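Visitor: Below is the file model.cif, which contains mmCIF, C-alpha atoms.
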```cif
data_run
#
loop_
_atom_site.group_PDB
_atom_site.id
_atom_site.type_symbol
_atom_site.label_atom_id
_atom_site.label_comp_id
_atom_site.auth_asym_id
_atom_site.auth_seq_id
_atom_site.Cartn_x
_atom_site.Cartn_y
_atom_site.Cartn_z
ATOM 1 C CA MET Q 807 66.993 -30.917 12.606
ATOM 2 C CA THR Q 808 63.861 -28.797 12.909
ATOM 3 C CA GLN Q 809 61.295 -27.573 10.451
ATOM 4 C CA SER Q 810 61.202 -24.094 12.001
ATOM 5 C CA ARG Q 811 63.598 -22.397 9.580
ATOM 6 C CA GLN Q 812 62.135 -20.730 6.523
ATOM 7 C CA PRO Q 813 63.304 -21.466 2.978
ATOM 8 C CA SER Q 814 65.563 -18.803 1.541
ATOM 9 C CA ALA Q 815 64.249 -16.305 -0.976
ATOM 10 C CA ALA Q 816 66.435 -17.970 -3.619
ATOM 11 C CA ALA Q 817 64.917 -21.380 -2.850
ATOM 12 C CA ARG Q 818 61.397 -19.988 -3.084
ATOM 13 C CA ARG Q 819 62.150 -18.352 -6.441
ATOM 14 C CA THR Q 820 63.574 -21.579 -7.822
ATOM 15 C CA VAL Q 821 60.570 -23.568 -6.628
ATOM 16 C CA ASP Q 822 58.227 -21.010 -8.209
ATOM 17 C CA HIS Q 823 60.051 -21.310 -11.536
ATOM 18 C CA PHE Q 824 59.922 -25.119 -11.359
ATOM 19 C CA ILE Q 825 56.177 -25.097 -10.617
ATOM 20 C CA ASP Q 826 55.604 -22.706 -13.525
ATOM 21 C CA ALA Q 827 57.550 -25.077 -15.791
ATOM 22 C CA LEU Q 828 55.463 -28.054 -14.621
ATOM 23 C CA TRP Q 829 52.258 -26.193 -15.327
ATOM 24 C CA ALA Q 830 53.436 -25.117 -18.776
ATOM 25 C CA GLU Q 831 54.830 -28.514 -19.780
ATOM 26 C CA ARG Q 832 52.331 -30.916 -18.234
ATOM 27 C CA GLY Q 833 49.217 -28.908 -17.419
ATOM 28 C CA LEU Q 834 49.003 -30.306 -13.890
ATOM 29 C CA ARG Q 835 46.050 -29.439 -11.680
ATOM 30 C CA PRO Q 836 46.450 -26.862 -8.876
ATOM 31 C CA ALA Q 837 46.233 -29.597 -6.219
ATOM 32 C CA SER Q 838 49.127 -31.507 -7.816
ATOM 33 C CA LEU Q 839 51.224 -28.351 -8.183
ATOM 34 C CA LYS Q 840 50.555 -27.517 -4.532
ATOM 35 C CA ALA Q 841 51.798 -30.973 -3.482
ATOM 36 C CA TYR Q 842 55.012 -30.518 -5.505
ATOM 37 C CA ARG Q 843 55.562 -27.111 -3.932
ATOM 38 C CA GLU Q 844 55.031 -28.385 -0.380
ATOM 39 C CA ASP Q 845 57.429 -31.301 -0.905
ATOM 40 C CA LEU Q 846 60.183 -28.954 -2.082
ATOM 41 C CA LEU Q 847 59.627 -26.307 0.586
ATOM 42 C CA ASN Q 848 59.650 -28.984 3.291
ATOM 43 C CA LEU Q 849 63.010 -30.200 1.964
ATOM 44 C CA ALA Q 850 64.286 -26.620 1.925
ATOM 45 C CA ARG Q 851 63.344 -26.289 5.620
ATOM 46 C CA TYR Q 852 65.179 -29.468 6.593
ATOM 47 C CA ASP Q 853 68.614 -27.935 7.214
ATOM 48 C CA THR Q 854 70.741 -24.946 6.287
ATOM 49 C CA ALA Q 855 71.959 -26.232 2.913
ATOM 50 C CA GLU Q 856 70.585 -24.440 -0.126
ATOM 51 C CA LEU Q 857 67.902 -26.397 -1.944
ATOM 52 C CA ASN Q 858 69.700 -26.318 -5.301
ATOM 53 C CA ASP Q 859 72.900 -27.682 -3.763
ATOM 54 C CA ARG Q 860 71.529 -30.655 -1.832
ATOM 55 C CA GLN Q 861 73.462 -33.887 -2.140
ATOM 56 C CA ARG Q 862 72.076 -37.409 -2.258
ATOM 57 C CA ASP Q 863 72.690 -38.188 1.437
ATOM 58 C CA GLN Q 864 71.002 -34.949 2.529
ATOM 59 C CA VAL Q 865 67.849 -35.694 0.564
ATOM 60 C CA LEU Q 866 67.760 -39.308 1.766
ATOM 61 C CA SER Q 867 68.220 -38.085 5.336
ATOM 62 C CA PHE Q 868 65.146 -35.883 4.921
ATOM 63 C CA LEU Q 869 63.077 -38.770 3.491
ATOM 64 C CA SER Q 870 64.190 -41.029 6.342
ATOM 65 C CA TRP Q 871 63.199 -38.340 8.845
ATOM 66 C CA ARG Q 872 59.757 -38.082 7.225
ATOM 67 C CA LEU Q 873 59.212 -41.824 7.663
ATOM 68 C CA LYS Q 874 60.318 -41.675 11.302
ATOM 69 C CA GLN Q 875 57.831 -38.851 11.827
ATOM 70 C CA GLY Q 876 55.059 -41.193 10.721
ATOM 71 C CA ALA Q 877 54.560 -40.051 7.118
ATOM 72 C CA ALA Q 878 52.841 -42.603 4.884
ATOM 73 C CA VAL Q 879 55.031 -44.504 2.428
ATOM 74 C CA ALA Q 880 52.863 -43.113 -0.393
ATOM 75 C CA SER Q 881 53.664 -39.529 0.698
ATOM 76 C CA VAL Q 882 57.395 -40.222 0.914
ATOM 77 C CA THR Q 883 57.319 -41.950 -2.483
ATOM 78 C CA ARG Q 884 55.586 -38.929 -4.002
ATOM 79 C CA ALA Q 885 58.193 -36.616 -2.443
ATOM 80 C CA LEU Q 886 60.992 -38.744 -3.895
ATOM 81 C CA SER Q 887 59.378 -38.427 -7.336
ATOM 82 C CA THR Q 888 59.132 -34.657 -6.847
ATOM 83 C CA PHE Q 889 62.818 -34.371 -5.956
ATOM 84 C CA ARG Q 890 63.841 -36.556 -8.879
ATOM 85 C CA GLN Q 891 61.981 -34.290 -11.289
ATOM 86 C CA PHE Q 892 63.155 -31.092 -9.606
ATOM 87 C CA TYR Q 893 66.860 -31.929 -9.775
ATOM 88 C CA ALA Q 894 66.495 -33.262 -13.323
ATOM 89 C CA TRP Q 895 64.942 -29.889 -14.231
ATOM 90 C CA LEU Q 896 67.880 -28.078 -12.594
ATOM 91 C CA VAL Q 897 70.262 -30.115 -14.761
ATOM 92 C CA ARG Q 898 68.158 -29.542 -17.886
ATOM 93 C CA THR Q 899 68.099 -25.783 -17.324
ATOM 94 C CA GLY Q 900 71.823 -25.561 -16.610
ATOM 95 C CA GLN Q 901 71.455 -24.744 -12.914
ATOM 96 C CA ARG Q 902 73.189 -27.924 -11.795
ATOM 97 C CA ASP Q 903 75.563 -30.482 -13.310
ATOM 98 C CA ASP Q 904 74.170 -33.637 -11.737
ATOM 99 C CA ASN Q 905 70.915 -35.124 -10.450
ATOM 100 C CA PRO Q 906 71.571 -36.585 -6.986
ATOM 101 C CA MET Q 907 68.307 -38.556 -7.144
ATOM 102 C CA ALA Q 908 68.786 -40.115 -10.586
ATOM 103 C CA ASP Q 909 69.643 -43.666 -9.484
ATOM 104 C CA ILE Q 910 67.409 -43.924 -6.410
ATOM 105 C CA GLU Q 911 64.501 -46.328 -6.845
ATOM 106 C CA SER Q 912 61.112 -45.718 -5.291
ATOM 107 C CA PRO Q 913 60.165 -48.103 -2.474
ATOM 108 C CA ARG Q 914 58.075 -50.995 -3.685
ATOM 109 C CA ARG Q 915 54.476 -50.878 -2.581
ATOM 110 C CA GLY Q 916 51.933 -53.611 -2.666
ATOM 111 C CA HIS Q 917 48.912 -53.056 -4.853
ATOM 112 C CA SER Q 918 46.188 -51.959 -2.468
ATOM 113 C CA LEU Q 919 42.747 -52.590 -3.838
ATOM 114 C CA PRO Q 920 40.361 -49.648 -3.754
ATOM 115 C CA GLY Q 921 37.353 -50.028 -1.512
ATOM 116 C CA VAL Q 922 33.897 -50.237 -3.037
ATOM 117 C CA LEU Q 923 30.311 -49.992 -1.886
ATOM 118 C CA SER Q 924 27.900 -52.825 -2.511
ATOM 119 C CA MET Q 925 24.909 -52.198 -4.752
ATOM 120 C CA ASN Q 926 22.660 -52.169 -1.675
ATOM 121 C CA GLN Q 927 24.888 -49.574 -0.001
ATOM 122 C CA VAL Q 928 24.828 -47.395 -3.114
ATOM 123 C CA ASP Q 929 21.047 -47.621 -3.236
ATOM 124 C CA ALA Q 930 20.831 -46.648 0.436
ATOM 125 C CA LEU Q 931 23.220 -43.729 -0.038
ATOM 126 C CA LEU Q 932 21.352 -42.392 -3.073
ATOM 127 C CA ALA Q 933 18.056 -42.615 -1.213
ATOM 128 C CA ALA Q 934 19.379 -40.918 1.935
ATOM 129 C CA PRO Q 935 18.841 -37.195 1.091
ATOM 130 C CA ASP Q 936 15.563 -35.630 2.194
ATOM 131 C CA VAL Q 937 14.222 -34.705 -1.236
ATOM 132 C CA SER Q 938 11.360 -32.681 0.240
ATOM 133 C CA THR Q 939 13.944 -29.899 0.635
ATOM 134 C CA PRO Q 940 15.959 -28.055 -2.059
ATOM 135 C CA LEU Q 941 19.180 -29.083 -0.299
ATOM 136 C CA GLY Q 942 18.129 -32.721 -0.374
ATOM 137 C CA VAL Q 943 17.269 -32.534 -4.080
ATOM 138 C CA ARG Q 944 20.693 -31.031 -4.759
ATOM 139 C CA ASP Q 945 22.433 -33.761 -2.751
ATOM 140 C CA ARG Q 946 20.453 -36.485 -4.540
ATOM 141 C CA ALA Q 947 21.358 -35.011 -7.934
ATOM 142 C CA MET Q 948 24.980 -34.689 -6.847
ATOM 143 C CA LEU Q 949 25.216 -38.294 -5.646
ATOM 144 C CA GLU Q 950 23.444 -39.639 -8.714
ATOM 145 C CA THR Q 951 25.832 -37.715 -10.985
ATOM 146 C CA LEU Q 952 28.945 -38.870 -9.116
ATOM 147 C CA TYR Q 953 27.912 -42.513 -9.309
ATOM 148 C CA ALA Q 954 26.345 -42.472 -12.785
ATOM 149 C CA GLY Q 955 29.377 -40.820 -14.360
ATOM 150 C CA GLY Q 956 32.199 -42.128 -12.168
ATOM 151 C CA LEU Q 957 33.378 -38.549 -11.700
ATOM 152 C CA ARG Q 958 36.203 -37.264 -9.561
ATOM 153 C CA VAL Q 959 35.063 -34.740 -6.968
ATOM 154 C CA SER Q 960 37.033 -31.982 -8.719
ATOM 155 C CA GLU Q 961 35.251 -32.847 -11.977
ATOM 156 C CA LEU Q 962 31.880 -32.653 -10.249
ATOM 157 C CA THR Q 963 32.491 -29.268 -8.632
ATOM 158 C CA SER Q 964 33.758 -27.789 -11.909
ATOM 159 C CA LEU Q 965 30.777 -28.954 -14.016
ATOM 160 C CA GLU Q 966 29.099 -26.073 -15.830
ATOM 161 C CA LEU Q 967 25.584 -25.750 -17.209
ATOM 162 C CA SER Q 968 26.928 -25.488 -20.758
ATOM 163 C CA ALA Q 969 28.518 -28.939 -20.400
ATOM 164 C CA LEU Q 970 25.223 -30.666 -19.637
ATOM 165 C CA SER Q 971 22.776 -32.068 -22.197
ATOM 166 C CA LEU Q 972 19.850 -33.634 -20.364
ATOM 167 C CA ASP Q 973 18.073 -34.411 -23.651
ATOM 168 C CA ARG Q 974 20.975 -36.577 -24.763
ATOM 169 C CA GLY Q 975 21.793 -37.797 -21.265
ATOM 170 C CA LEU Q 976 25.407 -36.617 -21.601
ATOM 171 C CA VAL Q 977 27.780 -34.381 -19.703
ATOM 172 C CA ARG Q 978 31.128 -33.025 -20.890
ATOM 173 C CA VAL Q 979 33.734 -33.512 -18.176
ATOM 174 C CA SER Q 980 37.080 -31.749 -17.888
ATOM 175 C CA GLY Q 981 39.487 -34.238 -16.319
ATOM 176 C CA LYS Q 982 43.138 -34.322 -15.345
ATOM 177 C CA GLY Q 983 45.402 -32.174 -17.478
ATOM 178 C CA GLY Q 984 42.375 -30.420 -18.960
ATOM 179 C CA LYS Q 985 41.432 -33.494 -21.018
ATOM 180 C CA GLU Q 986 37.740 -33.538 -21.862
ATOM 181 C CA ARG Q 987 35.482 -36.565 -22.239
ATOM 182 C CA LEU Q 988 31.784 -37.136 -22.825
ATOM 183 C CA VAL Q 989 30.152 -39.176 -20.086
ATOM 184 C CA PRO Q 990 26.680 -40.718 -20.380
ATOM 185 C CA LEU Q 991 24.283 -40.282 -17.472
ATOM 186 C CA GLY Q 992 21.662 -42.828 -16.519
ATOM 187 C CA GLU Q 993 17.953 -42.110 -16.343
ATOM 188 C CA GLN Q 994 18.001 -41.513 -12.599
ATOM 189 C CA ALA Q 995 20.829 -38.984 -12.787
ATOM 190 C CA VAL Q 996 19.084 -37.160 -15.648
ATOM 191 C CA GLU Q 997 15.803 -37.080 -13.727
ATOM 192 C CA TRP Q 998 17.332 -35.723 -10.507
ATOM 193 C CA LEU Q 999 19.523 -33.211 -12.303
ATOM 194 C CA GLY Q 1000 16.404 -31.955 -14.070
ATOM 195 C CA ARG Q 1001 14.510 -31.635 -10.798
ATOM 196 C CA TYR Q 1002 17.427 -29.811 -9.204
ATOM 197 C CA LEU Q 1003 17.892 -27.374 -12.082
ATOM 198 C CA ARG Q 1004 14.158 -26.669 -12.444
ATOM 199 C CA GLY Q 1005 13.278 -26.073 -8.830
ATOM 200 C CA ALA Q 1006 16.085 -26.459 -6.297
ATOM 201 C CA ARG Q 1007 19.107 -24.601 -7.680
ATOM 202 C CA PRO Q 1008 19.390 -21.235 -5.845
ATOM 203 C CA VAL Q 1009 17.797 -18.409 -7.820
ATOM 204 C CA LYS Q 1010 20.332 -16.010 -6.331
ATOM 205 C CA SER Q 1011 23.046 -17.711 -8.397
ATOM 206 C CA GLY Q 1012 22.681 -15.060 -11.115
ATOM 207 C CA THR Q 1013 24.940 -15.908 -14.037
ATOM 208 C CA GLU Q 1014 27.037 -18.448 -12.106
ATOM 209 C CA PRO Q 1015 27.877 -21.191 -14.649
ATOM 210 C CA ARG Q 1016 28.624 -23.995 -12.181
ATOM 211 C CA ILE Q 1017 25.893 -26.583 -11.754
ATOM 212 C CA PHE Q 1018 26.198 -27.493 -8.087
ATOM 213 C CA LEU Q 1019 25.839 -24.548 -5.732
ATOM 214 C CA SER Q 1020 25.610 -23.836 -2.024
ATOM 215 C CA ARG Q 1021 22.542 -22.310 -0.369
ATOM 216 C CA THR Q 1022 24.027 -18.865 -1.039
ATOM 217 C CA GLY Q 1023 24.462 -19.528 -4.760
ATOM 218 C CA ARG Q 1024 28.220 -20.063 -4.701
ATOM 219 C CA PRO Q 1025 29.944 -23.046 -6.342
ATOM 220 C CA LEU Q 1026 30.256 -26.029 -4.036
ATOM 221 C CA THR Q 1027 33.802 -26.734 -2.880
ATOM 222 C CA ARG Q 1028 35.332 -30.198 -2.792
ATOM 223 C CA GLU Q 1029 35.344 -29.999 1.001
ATOM 224 C CA ALA Q 1030 31.606 -29.273 1.031
ATOM 225 C CA VAL Q 1031 30.934 -32.298 -1.193
ATOM 226 C CA TRP Q 1032 32.948 -34.495 1.184
ATOM 227 C CA GLN Q 1033 30.937 -33.222 4.143
ATOM 228 C CA ARG Q 1034 27.572 -33.770 2.455
ATOM 229 C CA ILE Q 1035 28.505 -37.304 1.396
ATOM 230 C CA ARG Q 1036 29.652 -38.178 4.915
ATOM 231 C CA LEU Q 1037 26.382 -36.803 6.271
ATOM 232 C CA GLN Q 1038 24.256 -38.759 3.813
ATOM 233 C CA ALA Q 1039 26.264 -41.949 4.424
ATOM 234 C CA THR Q 1040 25.559 -41.605 8.154
ATOM 235 C CA THR Q 1041 21.878 -41.071 7.395
ATOM 236 C CA ALA Q 1042 21.933 -44.224 5.235
ATOM 237 C CA GLY Q 1043 23.460 -46.229 8.081
ATOM 238 C CA ILE Q 1044 26.640 -47.079 6.179
ATOM 239 C CA GLU Q 1045 29.341 -47.835 8.735
ATOM 240 C CA GLN Q 1046 32.391 -47.831 6.468
ATOM 241 C CA ARG Q 1047 34.116 -44.574 5.563
ATOM 242 C CA VAL Q 1048 32.394 -43.048 2.525
ATOM 243 C CA TYR Q 1049 34.022 -40.370 0.368
ATOM 244 C CA PRO Q 1050 33.556 -39.095 -3.199
ATOM 245 C CA HIS Q 1051 36.221 -41.296 -4.799
ATOM 246 C CA LEU Q 1052 34.601 -44.373 -3.268
ATOM 247 C CA LEU Q 1053 31.633 -43.784 -5.578
ATOM 248 C CA ARG Q 1054 34.039 -43.634 -8.543
ATOM 249 C CA HIS Q 1055 35.602 -46.942 -7.459
ATOM 250 C CA SER Q 1056 32.144 -48.453 -7.046
ATOM 251 C CA PHE Q 1057 31.054 -47.179 -10.469
ATOM 252 C CA ALA Q 1058 33.990 -48.889 -12.213
ATOM 253 C CA THR Q 1059 33.729 -52.122 -10.242
ATOM 254 C CA HIS Q 1060 29.975 -52.465 -10.733
ATOM 255 C CA LEU Q 1061 30.359 -51.898 -14.491
ATOM 256 C CA LEU Q 1062 32.932 -54.690 -14.732
ATOM 257 C CA ASP Q 1063 30.834 -56.938 -12.489
ATOM 258 C CA HIS Q 1064 28.027 -56.592 -15.013
ATOM 259 C CA GLY Q 1065 30.202 -57.412 -18.014
ATOM 260 C CA ALA Q 1066 31.423 -54.033 -19.258
ATOM 261 C CA ASP Q 1067 34.525 -54.024 -21.464
ATOM 262 C CA LEU Q 1068 37.658 -52.798 -19.697
ATOM 263 C CA ARG Q 1069 38.454 -50.270 -22.418
ATOM 264 C CA VAL Q 1070 34.971 -48.791 -22.173
ATOM 265 C CA VAL Q 1071 35.482 -48.325 -18.438
ATOM 266 C CA GLN Q 1072 38.873 -46.745 -19.195
ATOM 267 C CA LEU Q 1073 37.212 -44.182 -21.471
ATOM 268 C CA LEU Q 1074 34.440 -43.436 -18.986
ATOM 269 C CA LEU Q 1075 36.930 -42.883 -16.152
ATOM 270 C CA GLY Q 1076 39.216 -40.759 -18.319
ATOM 271 C CA HIS Q 1077 42.301 -42.915 -17.660
ATOM 272 C CA SER Q 1078 45.094 -42.338 -20.168
ATOM 273 C CA ASP Q 1079 46.683 -45.686 -19.272
ATOM 274 C CA LEU Q 1080 44.710 -48.942 -19.380
ATOM 275 C CA GLY Q 1081 46.910 -50.261 -16.580
ATOM 276 C CA THR Q 1082 45.340 -47.762 -14.197
ATOM 277 C CA THR Q 1083 41.912 -49.172 -14.987
ATOM 278 C CA GLN Q 1084 43.023 -52.796 -14.652
ATOM 279 C CA ILE Q 1085 43.144 -52.608 -10.874
ATOM 280 C CA TYR Q 1086 39.344 -52.748 -10.967
ATOM 281 C CA THR Q 1087 39.512 -56.184 -12.556
ATOM 282 C CA HIS Q 1088 41.344 -57.305 -9.415
ATOM 283 C CA VAL Q 1089 38.621 -55.749 -7.294
ATOM 284 C CA SER Q 1090 35.966 -57.643 -9.234
ATOM 285 C CA ARG Q 1091 37.872 -60.916 -8.824
ATOM 286 C CA ALA Q 1092 38.251 -60.252 -5.114
ATOM 287 C CA ARG Q 1093 34.519 -59.571 -4.801
ATOM 288 C CA LEU Q 1094 33.747 -62.716 -6.791
ATOM 289 C CA GLY Q 1095 35.935 -64.772 -4.470
ATOM 290 C CA GLU Q 1096 34.282 -63.265 -1.420
ATOM 291 C CA LEU Q 1097 30.803 -64.029 -2.762
ATOM 292 C CA TYR Q 1098 31.860 -67.591 -3.586
ATOM 293 C CA ARG Q 1099 33.254 -68.210 -0.094
ATOM 294 C CA ARG Q 1100 30.168 -66.688 1.510
ATOM 295 C CA HIS Q 1101 27.497 -68.509 -0.504
ATOM 296 C CA HIS Q 1102 28.939 -71.720 -1.979
ATOM 297 C CA PRO Q 1103 28.349 -74.791 0.220
ATOM 298 C CA ARG Q 1104 32.001 -75.785 -0.179
ATOM 299 C CA GLY Q 1105 33.376 -72.242 -0.195
#
```
With the file now loaded, output its structure as structure tokens.
Guide:
Amino acid sequence: MTQSRQPSAAARRTVDHFIDALWAERGLRPASLKAYREDLLNLARYDTAELNDRQRDQVLSFLSWRLKQGAAVASVTRALSTFRQFYAWLVRTGQRDDNPMADIESPRRGHSLPGVLSMNQVDALLAAPDVSTPLGVRDRAMLETLYAGGLRVSELTSLELSALSLDRGLVRVSGKGGKERLVPLGEQAVEWLGRYLRGARPVKSGTEPRIFLSRTGRPLTREAVWQRIRLQATTAGIEQRVYPHLLRHSFATHLLDHGADLRVVQLLLGHSDLGTTQIYTHVSRARLGELYRRHHPRG
């Protein structure tokens, strides 16, 4: 088997129609739709069989090959979910009589706890930008907003001026599936956002509605945010890998550490399912156990 062959025109058309249906029915983000598309096109490249006609053993052979190639279990599990939904859609739309993936269970995965930064590390990271420069003021405002609101990086880069109310200390965030939520910002985030908007945001931005911009006045990309956070983490002397979502994890964990109600954290994070938020209670317990072992005389 090789991955050199190209999917047929028929396979590409079917995948396009499936992606359109996903967008219409579930309002998935572009990044999620792209992942679905790549999973299906990779399967279509696997051998000469047409994508619509694949049988159970052919799909399982592809998934097994992916694992042997070193793909992460999470990636293979996601692909399995994609194929399950794709063939169910073919059945639902009358393009196939059976779903070859219907009775295949996803591999069981242990619950991996998200990493978090300590309060001291967060303080060091927030203080890292050189705020004597416009770029440093922007980075400080960006980091403060990420941590104060527990935002996803895609939510941060899509923030618009009209969504921000500094007087009320609130920002309107558009989350997954286009769901909006109001997120409170702390005093520090409000202060640095104000400083950025008053004196550091590029004047050449014109009528650009996005809040966080590059030097040239264009909206910051997610990749640019990643790069700036890595740079500031290095400046702060933080040795562990730091990325935007780590600030979101830290936000949720620190709230629970200080007694916040789980449902409040759920609302602030924009989770539709409380179970998704509950993993942070495990993180807090793990941190509590670590602190006990480190500091208690009989720990």
Visitor: Please provide as a ChimeraX atom specification all residues within 12 Å of Q:Thr951, with the sequence filter that same-chain residues fewer than 6 positions apart are discarded (counting only C-alpha atoms).
Guide: /Q:932,944-945,957-959,961-963,965,970,972,975-977,979,989-1000,1002,1017-1018,1050,1053-1054,1057
Visitor: For Q:Leu866, work out the shell of residues within 9 Å, counting only C-alpha atoms and skipping chain neighbours fewer than 5 positions away, then give it as a PyMOL selection string.
Guide: chain Q and resi 861+871+886+907
Visitor: Could the residues in this selection be written to a file with C-alpha atoms, as a PDB file, in the coordinates of the input?
Guide:
```pdb
ATOM      1  CA  GLN Q 861      73.462 -33.887  -2.140  1.00  0.00           C
ATOM      2  CA  TRP Q 871      63.199 -38.340   8.845  1.00  0.00           C
ATOM      3  CA  LEU Q 886      60.992 -38.744  -3.895  1.00  0.00           C
ATOM      4  CA  MET Q 907      68.307 -38.556  -7.144  1.00  0.00           C
TER       5      MET Q 907
END
```
Visitor: For Q:Glu950, which residue among Q:Ile1035, Q:Gln891, Q:Ala1030, Q:Arg860 is the nearest when counting only C-alpha atoms?
Guide: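 Result for the nearest residue to Q:Glu950: Q:Ile1035.
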Visitor: Please report the interatomic distance between atom CA of Q:Ala1058 and atom CA of Q:Leu1074 in Å with one decimal.
Guide: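 A separation of 8.7 Å between them.
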Visitor: In Å, how far is it from atom CA of Q:Val897 to atom CA of Q:Ala816?
Guide: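 Going from atom CA of Q:Val897 over to atom CA of Q:Ala816 covers 16.9 Å.
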Visitor: Residues within 7 Å of Q:His1055, please, as a list in words. Count only C-alpha atoms; anything in the same chain fewer than 3 positions from it doesn't count.
Guide: Pro920, Gly921, Val922, His1051, Leu1052, Ala1058 and Thr1059 of chain Q
Visitor: Evaluate the PyMOL selection byres ((chain Q and resi 1048) around 12) and record the selected residues as an mmCIF file with C-alpha atoms, keeping the file's coordinate frame, following the chain and residue labels used in the document.
Guide:
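Generated output (out-v8.cif):
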```
data_model
loop_
_atom_site.group_PDB
_atom_site.id
_atom_site.type_symbol
_atom_site.label_atom_id
_atom_site.label_comp_id
_atom_site.auth_asym_id
_atom_site.auth_seq_id
_atom_site.Cartn_x
_atom_site.Cartn_y
_atom_site.Cartn_z
ATOM 1 C CA GLY Q 921 37.353 -50.028 -1.512
ATOM 2 C CA VAL Q 922 33.897 -50.237 -3.037
ATOM 3 C CA LEU Q 923 30.311 -49.992 -1.886
ATOM 4 C CA SER Q 924 27.900 -52.825 -2.511
ATOM 5 C CA GLN Q 927 24.888 -49.574 -0.001
ATOM 6 C CA VAL Q 928 24.828 -47.395 -3.114
ATOM 7 C CA LEU Q 931 23.220 -43.729 -0.038
ATOM 8 C CA LEU Q 949 25.216 -38.294 -5.646
ATOM 9 C CA VAL Q 1031 30.934 -32.298 -1.193
ATOM 10 C CA TRP Q 1032 32.948 -34.495 1.184
ATOM 11 C CA GLN Q 1033 30.937 -33.222 4.143
ATOM 12 C CA ARG Q 1034 27.572 -33.770 2.455
ATOM 13 C CA ILE Q 1035 28.505 -37.304 1.396
ATOM 14 C CA ARG Q 1036 29.652 -38.178 4.915
ATOM 15 C CA LEU Q 1037 26.382 -36.803 6.271
ATOM 16 C CA GLN Q 1038 24.256 -38.759 3.813
ATOM 17 C CA ALA Q 1039 26.264 -41.949 4.424
ATOM 18 C CA THR Q 1040 25.559 -41.605 8.154
ATOM 19 C CA THR Q 1041 21.878 -41.071 7.395
ATOM 20 C CA ALA Q 1042 21.933 -44.224 5.235
ATOM 21 C CA GLY Q 1043 23.460 -46.229 8.081
ATOM 22 C CA ILE Q 1044 26.640 -47.079 6.179
ATOM 23 C CA GLU Q 1045 29.341 -47.835 8.735
ATOM 24 C CA GLN Q 1046 32.391 -47.831 6.468
ATOM 25 C CA ARG Q 1047 34.116 -44.574 5.563
ATOM 26 C CA TYR Q 1049 34.022 -40.370 0.368
ATOM 27 C CA PRO Q 1050 33.556 -39.095 -3.199
ATOM 28 C CA HIS Q 1051 36.221 -41.296 -4.799
ATOM 29 C CA LEU Q 1052 34.601 -44.373 -3.268
ATOM 30 C CA LEU Q 1053 31.633 -43.784 -5.578
ATOM 31 C CA ARG Q 1054 34.039 -43.634 -8.543
ATOM 32 C CA HIS Q 1055 35.602 -46.942 -7.459
ATOM 33 C CA SER Q 1056 32.144 -48.453 -7.046
#
```
Visitor: Using all atoms of stretch 888-893 of chain Q listed in the file and a margin of 3 Å per side, can you give the axis-aligned box centre and edge lengths in Å to one decimal, as JSON?
Guide:
```
{"center_x": 63.0, "center_y": -33.8, "center_z": -8.6, "size_x": 13.7, "size_y": 11.5, "size_z": 11.3}
```
Visitor: With only C-alpha atoms as the basis for distance, which of Q:Ala934, Q:Val882, Q:Met925, Q:Leu857 is at the shortest distance from Q:Arg902?
Guide: Q:Leu857
Visitor: Could I see stretch 951-961 of chain Q restored to N, CA and C atoms, set down as an mmCIF file, keeping the file's coordinate frame?
Guide:
```
data_model
loop_
_atom_site.group_PDB
_atom_site.id
_atom_site.type_symbol
_atom_site.label_atom_id
_atom_site.label_comp_id
_atom_site.auth_asym_id
_atom_site.auth_seq_id
_atom_site.Cartn_x
_atom_site.Cartn_y
_atom_site.Cartn_z
ATOM 1 N N THR Q 951 24.881 -38.102 -9.942
ATOM 2 C CA THR Q 951 25.832 -37.715 -10.985
ATOM 3 C C THR Q 951 27.205 -38.316 -10.721
ATOM 4 N N LEU Q 952 27.648 -38.279 -9.471
ATOM 5 C CA LEU Q 952 28.945 -38.870 -9.116
ATOM 6 C C LEU Q 952 28.978 -40.354 -9.475
ATOM 7 N N TYR Q 953 27.925 -41.071 -9.093
ATOM 8 C CA TYR Q 953 27.912 -42.513 -9.309
ATOM 9 C C TYR Q 953 27.630 -42.869 -10.769
ATOM 10 N N ALA Q 954 26.701 -42.153 -11.396
ATOM 11 C CA ALA Q 954 26.345 -42.472 -12.785
ATOM 12 C C ALA Q 954 27.497 -42.201 -13.741
ATOM 13 N N GLY Q 955 28.299 -41.178 -13.447
ATOM 14 C CA GLY Q 955 29.377 -40.820 -14.360
ATOM 15 C C GLY Q 955 30.761 -41.231 -13.907
ATOM 16 N N GLY Q 956 30.880 -41.749 -12.671
ATOM 17 C CA GLY Q 956 32.199 -42.128 -12.168
ATOM 18 C C GLY Q 956 33.129 -40.934 -12.066
ATOM 19 N N LEU Q 957 32.597 -39.778 -11.685
ATOM 20 C CA LEU Q 957 33.378 -38.549 -11.700
ATOM 21 C C LEU Q 957 34.283 -38.416 -10.479
ATOM 22 N N ARG Q 958 35.395 -37.731 -10.687
ATOM 23 C CA ARG Q 958 36.203 -37.264 -9.561
ATOM 24 C C ARG Q 958 35.478 -36.086 -8.928
ATOM 25 N N VAL Q 959 35.764 -35.836 -7.639
ATOM 26 C CA VAL Q 959 35.063 -34.740 -6.968
ATOM 27 C C VAL Q 959 35.410 -33.395 -7.610
ATOM 28 N N SER Q 960 36.646 -33.237 -8.069
ATOM 29 C CA SER Q 960 37.033 -31.982 -8.719
ATOM 30 C C SER Q 960 36.290 -31.802 -10.045
ATOM 31 N N GLU Q 961 36.009 -32.911 -10.728
ATOM 32 C CA GLU Q 961 35.251 -32.847 -11.977
ATOM 33 C C GLU Q 961 33.807 -32.458 -11.696
#
```
